Each structure stands twice: as structure tokens, then as C-alpha cells.
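Here's protein.txt, which has compact mmCIF, N, CA and C atoms:
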# COMPACT_ATOMS: atom_id res chain seq x y z
N MET A 1 77.05 119.39 95.06
CA MET A 1 77.32 117.98 95.01
C MET A 1 78.80 117.76 95.34
N THR A 2 79.09 116.83 96.22
CA THR A 2 80.47 116.55 96.59
C THR A 2 81.02 115.44 95.70
N GLN A 3 82.31 115.48 95.51
CA GLN A 3 82.95 114.51 94.65
C GLN A 3 83.60 113.43 95.51
N SER A 4 83.44 112.20 95.13
CA SER A 4 84.03 111.08 95.85
C SER A 4 85.55 111.10 95.68
N LYS A 5 86.26 110.69 96.72
CA LYS A 5 87.71 110.62 96.65
C LYS A 5 88.16 109.64 95.56
N ASN A 6 87.43 108.57 95.39
CA ASN A 6 87.83 107.52 94.48
C ASN A 6 87.64 107.87 93.01
N SER A 7 86.86 108.90 92.71
CA SER A 7 86.60 109.20 91.32
C SER A 7 87.82 109.76 90.59
N THR A 8 88.72 110.41 91.30
CA THR A 8 89.90 110.97 90.65
C THR A 8 91.18 110.23 91.01
N ALA A 9 91.11 109.31 91.93
CA ALA A 9 92.31 108.59 92.36
C ALA A 9 92.71 107.56 91.31
N GLU A 10 94.01 107.38 91.17
CA GLU A 10 94.51 106.35 90.26
C GLU A 10 94.35 104.99 90.91
N HIS A 11 94.18 103.98 90.08
CA HIS A 11 94.04 102.62 90.59
C HIS A 11 95.39 101.91 90.44
N TYR A 12 95.90 101.39 91.55
CA TYR A 12 97.17 100.68 91.54
C TYR A 12 96.90 99.20 91.72
N GLN A 13 97.58 98.39 90.93
CA GLN A 13 97.41 96.95 91.00
C GLN A 13 98.60 96.35 91.75
N GLN A 14 98.30 95.48 92.70
CA GLN A 14 99.35 94.83 93.47
C GLN A 14 100.13 93.87 92.59
N LEU A 15 101.38 93.63 92.97
CA LEU A 15 102.16 92.62 92.28
C LEU A 15 101.58 91.24 92.60
N THR A 16 101.58 90.37 91.63
CA THR A 16 101.08 89.01 91.83
C THR A 16 102.21 88.14 92.38
N PRO A 17 101.86 87.00 92.97
CA PRO A 17 102.91 86.08 93.43
C PRO A 17 103.81 85.63 92.28
N GLU A 18 103.25 85.50 91.08
CA GLU A 18 104.06 85.10 89.92
C GLU A 18 105.07 86.19 89.57
N GLU A 19 104.65 87.45 89.65
CA GLU A 19 105.58 88.56 89.37
C GLU A 19 106.68 88.60 90.42
N ARG A 20 106.34 88.32 91.66
CA ARG A 20 107.36 88.29 92.71
C ARG A 20 108.37 87.18 92.45
N GLY A 21 107.89 86.03 92.02
CA GLY A 21 108.79 84.93 91.67
C GLY A 21 109.68 85.28 90.49
N THR A 22 109.12 86.00 89.54
CA THR A 22 109.90 86.45 88.38
C THR A 22 110.98 87.43 88.81
N ILE A 23 110.64 88.34 89.72
CA ILE A 23 111.64 89.29 90.23
C ILE A 23 112.78 88.53 90.89
N GLU A 24 112.45 87.54 91.71
CA GLU A 24 113.48 86.74 92.38
C GLU A 24 114.38 86.05 91.35
N ALA A 25 113.78 85.46 90.32
CA ALA A 25 114.56 84.76 89.28
C ALA A 25 115.47 85.74 88.53
N TYR A 26 114.94 86.91 88.18
CA TYR A 26 115.75 87.91 87.48
C TYR A 26 116.90 88.40 88.34
N LEU A 27 116.66 88.62 89.63
CA LEU A 27 117.73 89.06 90.53
C LEU A 27 118.81 87.98 90.63
N ASN A 28 118.39 86.73 90.72
CA ASN A 28 119.36 85.63 90.79
C ASN A 28 120.16 85.51 89.50
N ALA A 29 119.56 85.95 88.38
CA ALA A 29 120.25 85.92 87.09
C ALA A 29 121.15 87.14 86.90
N GLY A 30 121.13 88.07 87.87
CA GLY A 30 122.01 89.23 87.81
C GLY A 30 121.44 90.44 87.09
N LYS A 31 120.15 90.46 86.84
CA LYS A 31 119.54 91.60 86.15
C LYS A 31 119.39 92.77 87.12
N SER A 32 119.46 93.99 86.59
CA SER A 32 119.33 95.19 87.41
C SER A 32 117.85 95.50 87.65
N LYS A 33 117.61 96.39 88.61
CA LYS A 33 116.23 96.80 88.90
C LYS A 33 115.60 97.45 87.68
N ALA A 34 116.38 98.24 86.94
CA ALA A 34 115.86 98.91 85.74
C ALA A 34 115.46 97.89 84.67
N GLU A 35 116.29 96.87 84.49
CA GLU A 35 115.96 95.83 83.51
C GLU A 35 114.69 95.08 83.91
N ILE A 36 114.61 94.75 85.20
CA ILE A 36 113.44 94.03 85.70
C ILE A 36 112.18 94.86 85.50
N SER A 37 112.27 96.15 85.78
CA SER A 37 111.08 97.01 85.63
C SER A 37 110.64 97.06 84.17
N ARG A 38 111.58 97.11 83.25
CA ARG A 38 111.22 97.11 81.83
C ARG A 38 110.59 95.79 81.42
N LEU A 39 111.15 94.68 81.89
CA LEU A 39 110.64 93.36 81.52
C LEU A 39 109.24 93.10 82.06
N LEU A 40 108.95 93.63 83.26
CA LEU A 40 107.65 93.41 83.89
C LEU A 40 106.66 94.54 83.61
N HIS A 41 107.11 95.59 82.91
CA HIS A 41 106.25 96.74 82.62
C HIS A 41 105.72 97.38 83.91
N ARG A 42 106.63 97.54 84.86
CA ARG A 42 106.32 98.19 86.14
C ARG A 42 107.32 99.31 86.35
N SER A 43 106.97 100.25 87.22
CA SER A 43 107.90 101.35 87.46
C SER A 43 109.10 100.86 88.27
N ARG A 44 110.21 101.58 88.12
CA ARG A 44 111.42 101.22 88.85
C ARG A 44 111.22 101.33 90.35
N SER A 45 110.44 102.32 90.78
CA SER A 45 110.20 102.48 92.21
C SER A 45 109.39 101.31 92.77
N THR A 46 108.47 100.78 91.99
CA THR A 46 107.71 99.60 92.44
C THR A 46 108.64 98.42 92.67
N ILE A 47 109.55 98.20 91.74
CA ILE A 47 110.49 97.09 91.85
C ILE A 47 111.42 97.32 93.05
N SER A 48 111.90 98.55 93.23
CA SER A 48 112.79 98.85 94.37
C SER A 48 112.10 98.61 95.70
N ARG A 49 110.86 99.10 95.82
CA ARG A 49 110.12 98.89 97.07
C ARG A 49 109.86 97.40 97.31
N GLU A 50 109.55 96.68 96.27
CA GLU A 50 109.29 95.25 96.40
C GLU A 50 110.54 94.51 96.87
N ILE A 51 111.68 94.85 96.30
CA ILE A 51 112.93 94.19 96.68
C ILE A 51 113.28 94.54 98.13
N ARG A 52 113.09 95.79 98.51
CA ARG A 52 113.37 96.21 99.89
C ARG A 52 112.45 95.48 100.86
N ARG A 53 111.19 95.31 100.49
CA ARG A 53 110.21 94.68 101.35
C ARG A 53 110.49 93.18 101.54
N GLY A 54 111.00 92.54 100.50
CA GLY A 54 111.17 91.09 100.56
C GLY A 54 112.58 90.60 100.79
N ARG A 55 113.48 91.51 101.12
CA ARG A 55 114.85 91.06 101.31
C ARG A 55 115.07 90.53 102.73
N VAL A 56 116.00 89.60 102.82
CA VAL A 56 116.31 88.93 104.08
C VAL A 56 117.82 89.00 104.29
N GLN A 57 118.21 89.31 105.51
CA GLN A 57 119.63 89.36 105.83
C GLN A 57 120.10 87.97 106.22
N GLN A 58 121.18 87.53 105.57
CA GLN A 58 121.75 86.21 105.86
C GLN A 58 123.27 86.34 105.94
N ARG A 59 123.90 85.27 106.39
CA ARG A 59 125.36 85.22 106.37
C ARG A 59 125.80 84.31 105.23
N ASN A 60 126.84 84.74 104.54
CA ASN A 60 127.37 83.90 103.47
C ASN A 60 128.44 82.96 104.03
N HIS A 61 129.16 82.26 103.14
CA HIS A 61 130.14 81.28 103.59
C HIS A 61 131.33 81.91 104.33
N ASP A 62 131.53 83.22 104.16
CA ASP A 62 132.59 83.94 104.90
C ASP A 62 132.06 84.58 106.18
N TYR A 63 130.83 84.26 106.53
CA TYR A 63 130.16 84.81 107.72
C TYR A 63 129.92 86.31 107.63
N LEU A 64 129.87 86.83 106.42
CA LEU A 64 129.54 88.23 106.21
C LEU A 64 128.05 88.33 105.93
N PHE A 65 127.44 89.44 106.34
CA PHE A 65 126.02 89.62 106.10
C PHE A 65 125.77 89.98 104.64
N VAL A 66 124.80 89.33 104.05
CA VAL A 66 124.36 89.64 102.68
C VAL A 66 122.84 89.72 102.70
N TYR A 67 122.29 90.44 101.73
CA TYR A 67 120.84 90.53 101.60
C TYR A 67 120.41 89.78 100.35
N ARG A 68 119.34 89.00 100.49
CA ARG A 68 118.75 88.30 99.35
C ARG A 68 117.27 88.56 99.33
N TYR A 69 116.72 88.64 98.13
CA TYR A 69 115.27 88.82 97.96
C TYR A 69 114.63 87.46 97.82
N TYR A 70 113.56 87.24 98.57
CA TYR A 70 112.77 86.02 98.46
C TYR A 70 111.32 86.38 98.18
N ALA A 71 110.80 85.86 97.11
CA ALA A 71 109.42 86.15 96.72
C ALA A 71 108.44 85.68 97.79
N ASP A 72 108.70 84.54 98.41
CA ASP A 72 107.79 84.01 99.44
C ASP A 72 107.72 84.95 100.64
N THR A 73 108.86 85.49 101.04
CA THR A 73 108.90 86.43 102.17
C THR A 73 108.09 87.67 101.84
N SER A 74 108.28 88.18 100.65
CA SER A 74 107.56 89.38 100.24
C SER A 74 106.06 89.13 100.18
N GLN A 75 105.66 87.96 99.70
CA GLN A 75 104.24 87.63 99.62
C GLN A 75 103.64 87.53 101.03
N LEU A 76 104.38 86.96 101.97
CA LEU A 76 103.90 86.88 103.35
C LEU A 76 103.71 88.27 103.96
N PHE A 77 104.66 89.16 103.72
CA PHE A 77 104.51 90.53 104.22
C PHE A 77 103.27 91.18 103.63
N ARG A 78 102.99 90.93 102.36
CA ARG A 78 101.80 91.50 101.72
C ARG A 78 100.54 90.93 102.35
N LEU A 79 100.52 89.63 102.63
CA LEU A 79 99.35 89.01 103.27
C LEU A 79 99.12 89.56 104.67
N PHE A 80 100.21 89.73 105.43
CA PHE A 80 100.08 90.30 106.77
C PHE A 80 99.55 91.73 106.72
N ALA A 81 100.01 92.50 105.76
CA ALA A 81 99.51 93.87 105.60
C ALA A 81 98.03 93.87 105.26
N LYS A 82 97.60 92.93 104.42
CA LYS A 82 96.19 92.83 104.06
C LYS A 82 95.34 92.46 105.28
N ILE A 83 95.84 91.57 106.10
CA ILE A 83 95.13 91.18 107.32
C ILE A 83 94.99 92.38 108.26
N ARG A 84 96.08 93.16 108.42
CA ARG A 84 96.02 94.36 109.26
C ARG A 84 95.00 95.35 108.71
N GLU A 85 94.97 95.49 107.40
CA GLU A 85 94.02 96.41 106.76
C GLU A 85 92.58 95.99 107.01
N ILE A 86 92.32 94.71 106.92
CA ILE A 86 90.97 94.19 107.16
C ILE A 86 90.58 94.38 108.63
N ARG A 87 91.50 94.08 109.54
CA ARG A 87 91.21 94.26 110.97
C ARG A 87 90.89 95.71 111.30
N GLN A 88 91.66 96.62 110.73
CA GLN A 88 91.43 98.03 111.01
C GLN A 88 90.08 98.49 110.45
N SER A 89 89.68 97.95 109.32
CA SER A 89 88.39 98.35 108.75
C SER A 89 87.23 97.79 109.58
N LEU A 90 87.44 96.67 110.26
CA LEU A 90 86.39 96.10 111.11
C LEU A 90 86.24 96.89 112.40
N VAL A 91 87.31 97.50 112.88
CA VAL A 91 87.29 98.27 114.12
C VAL A 91 86.51 99.57 113.94
N LYS A 92 86.61 100.14 112.75
CA LYS A 92 85.97 101.44 112.51
C LYS A 92 84.49 101.36 112.52
As C-alpha cells:
Amino acid sequence: MTQSKNSTAEHYQQLTPEERGTIEAYLNAGKSKAEISRLLHRSRSTISREIRRGRVQQRNHDYLFVYRYYADTSQLFRLFAKIREIRQSLVK
């Protein structure tokens, strides 16, 4: 009898749009990634990847480049990834 791949795999839950908004609010309040991970009960690597995925490069008032995290941007990237995943499953 063969064993299914899914029987031993861990189940990961995606961040919700509300959690992404909370991350944005905490970052704007000056909280660190470690603090945010503790407050949301998520791993630090999850928070780091989320911030990297949703950050946008902008210029500040001195015309220097700065990075800011936007929950909406991150949610759009997640939706686009889901669409790509669905399209690829239809091709197979």
C-alpha cells in the first residue's frame, strides 16, 4: 500500500487580509518583526516573507528611496499567485 503525500505533510494556513492589515499597522507603529510575530502567533520567517512580498519602493521628501509595506499590495500578490496556481492545475 502506498502512502499519500498529504498524509504526513504539515498544513499551512495563509495569512488573512486582516492579518496583513495588522502587520501594516504594527510596522507603522514601529514594532519589530519579532514583536509582530509574537502578537500574531506566527513564525518570524512568515512575517519576514510577508513584509518582503508586500513592500513597495518609494521616494521620500528628500528624494531618497525608501521601502514601505502595504497590506493591499501583498494581498494582490497573493491573489495573482492563486490565479497562476489555478491556471497551472487546469493545464495539467
Enumerate, as a VMD selection string, the complete set of residues in stretch 39-84 of chain A that a backbone-based DSSP assignment places in helix (DSSP H, G or I). chain A and resid 39 to 40 44 to 54 71 to 84
In Å and to one decimal, atom N of A:Tyr26 is distant from atom C of A:Tyr69 by 9.7 Å
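Distance check against A:Ala34 using all atoms listed in the file: of A:Ser48, A:Asn60, A:Gln88, A:Ser74, the minimum falls on A:Ser48.
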If you run DSSP on this backbone, which residues of chain A come out as strand (DSSP E), and could you give them as a compact mmCIF listing (two decimals) with N, CA and C atoms, keeping the file's coordinate frame?
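selection-v3.txt, written as the output of this step:
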# COMPACT_ATOMS: atom_id res chain seq x y z
N ARG A 55 113.48 91.51 101.12
CA ARG A 55 114.85 91.06 101.31
C ARG A 55 115.07 90.53 102.73
N VAL A 56 116.00 89.60 102.82
CA VAL A 56 116.31 88.93 104.08
C VAL A 56 117.82 89.00 104.29
N GLN A 57 118.21 89.31 105.51
CA GLN A 57 119.63 89.36 105.83
C GLN A 57 120.10 87.97 106.22
N GLN A 58 121.18 87.53 105.57
CA GLN A 58 121.75 86.21 105.86
C GLN A 58 123.27 86.34 105.94
N ARG A 59 123.90 85.27 106.39
CA ARG A 59 125.36 85.22 106.37
C ARG A 59 125.80 84.31 105.23
N PHE A 65 127.44 89.44 106.34
CA PHE A 65 126.02 89.62 106.10
C PHE A 65 125.77 89.98 104.64
N VAL A 66 124.80 89.33 104.05
CA VAL A 66 124.36 89.64 102.68
C VAL A 66 122.84 89.72 102.70
N TYR A 67 122.29 90.44 101.73
CA TYR A 67 120.84 90.53 101.60
C TYR A 67 120.41 89.78 100.35
N ARG A 68 119.34 89.00 100.49
CA ARG A 68 118.75 88.30 99.35
C ARG A 68 117.27 88.56 99.33
N TYR A 69 116.72 88.64 98.13
CA TYR A 69 115.27 88.82 97.96
C TYR A 69 114.63 87.46 97.82
Please list as number ranges by chain every residue within 7 Å of A:Arg68, counting all atoms listed in the file and excluding residues in the same chain fewer than 3 positions away. A: 54-58
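Atom CA of A:Glu85 sits 17.6 Å away from atom C of A:Arg53.
The space separating atom C of A:Arg52 from atom CA of A:Leu90 comes to 28.0 Å.
Distances from A:Arg59, A:Lys33, A:Arg78, A:Arg20 to A:Ser45 were compared using only N, CA and C atoms, and the smallest one belongs to A:Lys33.
Of the residues listed (A:Gly30, A:Lys82, A:Ile23, A:Pro17), A:Ile23 shows the shortest atom-to-atom separation from A:Thr46; distances use only C-alpha atoms.
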Distance query A:Glu19 at most 8 Å, all atoms listed in the file, self and fewer than 6 positions along chain excluded, as a ChimeraX atom specification: /A:25,40,71
How would stretch 64-75 of chain A look with all heavy atoms restored, written as a PDB file, keeping the file's coordinate frame?
ATOM      1  N   LEU A  64     129.870  86.830 106.420  1.00  0.00           N
ATOM      2  CA  LEU A  64     129.540  88.230 106.210  1.00  0.00           C
ATOM      3  C   LEU A  64     128.050  88.330 105.930  1.00  0.00           C
ATOM      4  O   LEU A  64     127.448  87.432 105.336  1.00  0.00           O
ATOM      5  CB  LEU A  64     130.333  88.802 105.029  1.00  0.00           C
ATOM      6  CG  LEU A  64     131.851  88.767 105.181  1.00  0.00           C
ATOM      7  CD1 LEU A  64     132.507  89.213 103.882  1.00  0.00           C
ATOM      8  CD2 LEU A  64     132.290  89.649 106.329  1.00  0.00           C
ATOM      9  N   PHE A  65     127.440  89.440 106.340  1.00  0.00           N
ATOM     10  CA  PHE A  65     126.020  89.620 106.100  1.00  0.00           C
ATOM     11  C   PHE A  65     125.770  89.980 104.640  1.00  0.00           C
ATOM     12  O   PHE A  65     126.464  90.825 104.065  1.00  0.00           O
ATOM     13  CB  PHE A  65     125.441  90.710 107.001  1.00  0.00           C
ATOM     14  CG  PHE A  65     125.293  90.279 108.426  1.00  0.00           C
ATOM     15  CD1 PHE A  65     126.084  90.820 109.414  1.00  0.00           C
ATOM     16  CD2 PHE A  65     124.336  89.327 108.778  1.00  0.00           C
ATOM     17  CE1 PHE A  65     125.950  90.431 110.728  1.00  0.00           C
ATOM     18  CE2 PHE A  65     124.191  88.933 110.095  1.00  0.00           C
ATOM     19  CZ  PHE A  65     124.999  89.477 111.068  1.00  0.00           C
ATOM     20  N   VAL A  66     124.800  89.330 104.050  1.00  0.00           N
ATOM     21  CA  VAL A  66     124.360  89.640 102.680  1.00  0.00           C
ATOM     22  C   VAL A  66     122.840  89.720 102.700  1.00  0.00           C
ATOM     23  O   VAL A  66     122.174  89.158 103.579  1.00  0.00           O
ATOM     24  CB  VAL A  66     124.824  88.576 101.665  1.00  0.00           C
ATOM     25  CG1 VAL A  66     126.323  88.593 101.514  1.00  0.00           C
ATOM     26  CG2 VAL A  66     124.325  87.199 102.043  1.00  0.00           C
ATOM     27  N   TYR A  67     122.290  90.440 101.730  1.00  0.00           N
ATOM     28  CA  TYR A  67     120.840  90.530 101.600  1.00  0.00           C
ATOM     29  C   TYR A  67     120.410  89.780 100.350  1.00  0.00           C
ATOM     30  O   TYR A  67     121.040  89.892  99.304  1.00  0.00           O
ATOM     31  CB  TYR A  67     120.398  91.999 101.476  1.00  0.00           C
ATOM     32  CG  TYR A  67     120.541  92.767 102.760  1.00  0.00           C
ATOM     33  CD1 TYR A  67     121.648  93.575 102.981  1.00  0.00           C
ATOM     34  CD2 TYR A  67     119.572  92.683 103.752  1.00  0.00           C
ATOM     35  CE1 TYR A  67     121.782  94.279 104.163  1.00  0.00           C
ATOM     36  CE2 TYR A  67     119.699  93.386 104.931  1.00  0.00           C
ATOM     37  CZ  TYR A  67     120.801  94.179 105.130  1.00  0.00           C
ATOM     38  OH  TYR A  67     120.922  94.873 106.302  1.00  0.00           O
ATOM     39  N   ARG A  68     119.340  89.000 100.490  1.00  0.00           N
ATOM     40  CA  ARG A  68     118.750  88.300  99.350  1.00  0.00           C
ATOM     41  C   ARG A  68     117.270  88.560  99.330  1.00  0.00           C
ATOM     42  O   ARG A  68     116.630  88.673 100.372  1.00  0.00           O
ATOM     43  CB  ARG A  68     118.967  86.795  99.474  1.00  0.00           C
ATOM     44  CG  ARG A  68     120.316  86.391  98.977  1.00  0.00           C
ATOM     45  CD  ARG A  68     120.424  84.981  98.493  1.00  0.00           C
ATOM     46  NE  ARG A  68     119.452  84.665  97.455  1.00  0.00           N
ATOM     47  CZ  ARG A  68     119.133  83.434  97.118  1.00  0.00           C
ATOM     48  NH1 ARG A  68     119.685  82.427  97.732  1.00  0.00           N
ATOM     49  NH2 ARG A  68     118.264  83.203  96.173  1.00  0.00           N
ATOM     50  N   TYR A  69     116.720  88.640  98.130  1.00  0.00           N
ATOM     51  CA  TYR A  69     115.270  88.820  97.960  1.00  0.00           C
ATOM     52  C   TYR A  69     114.630  87.460  97.820  1.00  0.00           C
ATOM     53  O   TYR A  69     115.105  86.603  97.057  1.00  0.00           O
ATOM     54  CB  TYR A  69     114.987  89.664  96.713  1.00  0.00           C
ATOM     55  CG  TYR A  69     113.518  89.727  96.372  1.00  0.00           C
ATOM     56  CD1 TYR A  69     112.678  90.610  97.025  1.00  0.00           C
ATOM     57  CD2 TYR A  69     112.975  88.896  95.407  1.00  0.00           C
ATOM     58  CE1 TYR A  69     111.330  90.663  96.723  1.00  0.00           C
ATOM     59  CE2 TYR A  69     111.624  88.948  95.096  1.00  0.00           C
ATOM     60  CZ  TYR A  69     110.814  89.828  95.756  1.00  0.00           C
ATOM     61  OH  TYR A  69     109.481  89.877  95.467  1.00  0.00           O
ATOM     62  N   TYR A  70     113.560  87.240  98.570  1.00  0.00           N
ATOM     63  CA  TYR A  70     112.770  86.020  98.460  1.00  0.00           C
ATOM     64  C   TYR A  70     111.320  86.380  98.180  1.00  0.00           C
ATOM     65  O   TYR A  70     110.707  87.145  98.932  1.00  0.00           O
ATOM     66  CB  TYR A  70     112.853  85.197  99.748  1.00  0.00           C
ATOM     67  CG  TYR A  70     114.202  84.562  99.967  1.00  0.00           C
ATOM     68  CD1 TYR A  70     115.098  85.098 100.882  1.00  0.00           C
ATOM     69  CD2 TYR A  70     114.584  83.437  99.256  1.00  0.00           C
ATOM     70  CE1 TYR A  70     116.341  84.522 101.080  1.00  0.00           C
ATOM     71  CE2 TYR A  70     115.826  82.858  99.442  1.00  0.00           C
ATOM     72  CZ  TYR A  70     116.696  83.401 100.359  1.00  0.00           C
ATOM     73  OH  TYR A  70     117.928  82.831 100.541  1.00  0.00           O
ATOM     74  N   ALA A  71     110.800  85.860  97.110  1.00  0.00           N
ATOM     75  CA  ALA A  71     109.420  86.150  96.720  1.00  0.00           C
ATOM     76  C   ALA A  71     108.440  85.680  97.790  1.00  0.00           C
ATOM     77  O   ALA A  71     107.448  86.367  98.072  1.00  0.00           O
ATOM     78  CB  ALA A  71     109.094  85.477  95.383  1.00  0.00           C
ATOM     79  N   ASP A  72     108.700  84.540  98.410  1.00  0.00           N
ATOM     80  CA  ASP A  72     107.790  84.010  99.440  1.00  0.00           C
ATOM     81  C   ASP A  72     107.720  84.950 100.640  1.00  0.00           C
ATOM     82  O   ASP A  72     106.644  85.178 101.198  1.00  0.00           O
ATOM     83  CB  ASP A  72     108.244  82.626  99.903  1.00  0.00           C
ATOM     84  CG  ASP A  72     108.144  81.578  98.819  1.00  0.00           C
ATOM     85  OD1 ASP A  72     107.396  81.809  97.842  1.00  0.00           O
ATOM     86  OD2 ASP A  72     108.810  80.541  98.938  1.00  0.00           O
ATOM     87  N   THR A  73     108.860  85.490 101.040  1.00  0.00           N
ATOM     88  CA  THR A  73     108.900  86.430 102.170  1.00  0.00           C
ATOM     89  C   THR A  73     108.090  87.670 101.840  1.00  0.00           C
ATOM     90  O   THR A  73     107.288  88.141 102.654  1.00  0.00           O
ATOM     91  CB  THR A  73     110.349  86.806 102.488  1.00  0.00           C
ATOM     92  OG1 THR A  73     111.074  85.631 102.794  1.00  0.00           O
ATOM     93  CG2 THR A  73     110.418  87.768 103.652  1.00  0.00           C
ATOM     94  N   SER A  74     108.280  88.180 100.650  1.00  0.00           N
ATOM     95  CA  SER A  74     107.560  89.380 100.240  1.00  0.00           C
ATOM     96  C   SER A  74     106.060  89.130 100.180  1.00  0.00           C
ATOM     97  O   SER A  74     105.256  89.970 100.590  1.00  0.00           O
ATOM     98  CB  SER A  74     108.074  89.852  98.884  1.00  0.00           C
ATOM     99  OG  SER A  74     107.523  91.091  98.574  1.00  0.00           O
ATOM    100  N   GLN A  75     105.660  87.960  99.700  1.00  0.00           N
ATOM    101  CA  GLN A  75     104.240  87.630  99.620  1.00  0.00           C
ATOM    102  C   GLN A  75     103.640  87.530 101.030  1.00  0.00           C
ATOM    103  O   GLN A  75     102.519  87.976 101.261  1.00  0.00           O
ATOM    104  CB  GLN A  75     104.041  86.329  98.851  1.00  0.00           C
ATOM    105  CG  GLN A  75     102.604  85.937  98.638  1.00  0.00           C
ATOM    106  CD  GLN A  75     101.842  86.921  97.759  1.00  0.00           C
ATOM    107  OE1 GLN A  75     102.425  87.580  96.914  1.00  0.00           O
ATOM    108  NE2 GLN A  75     100.555  87.025  97.963  1.00  0.00           N
TER     109      GLN A  75
END
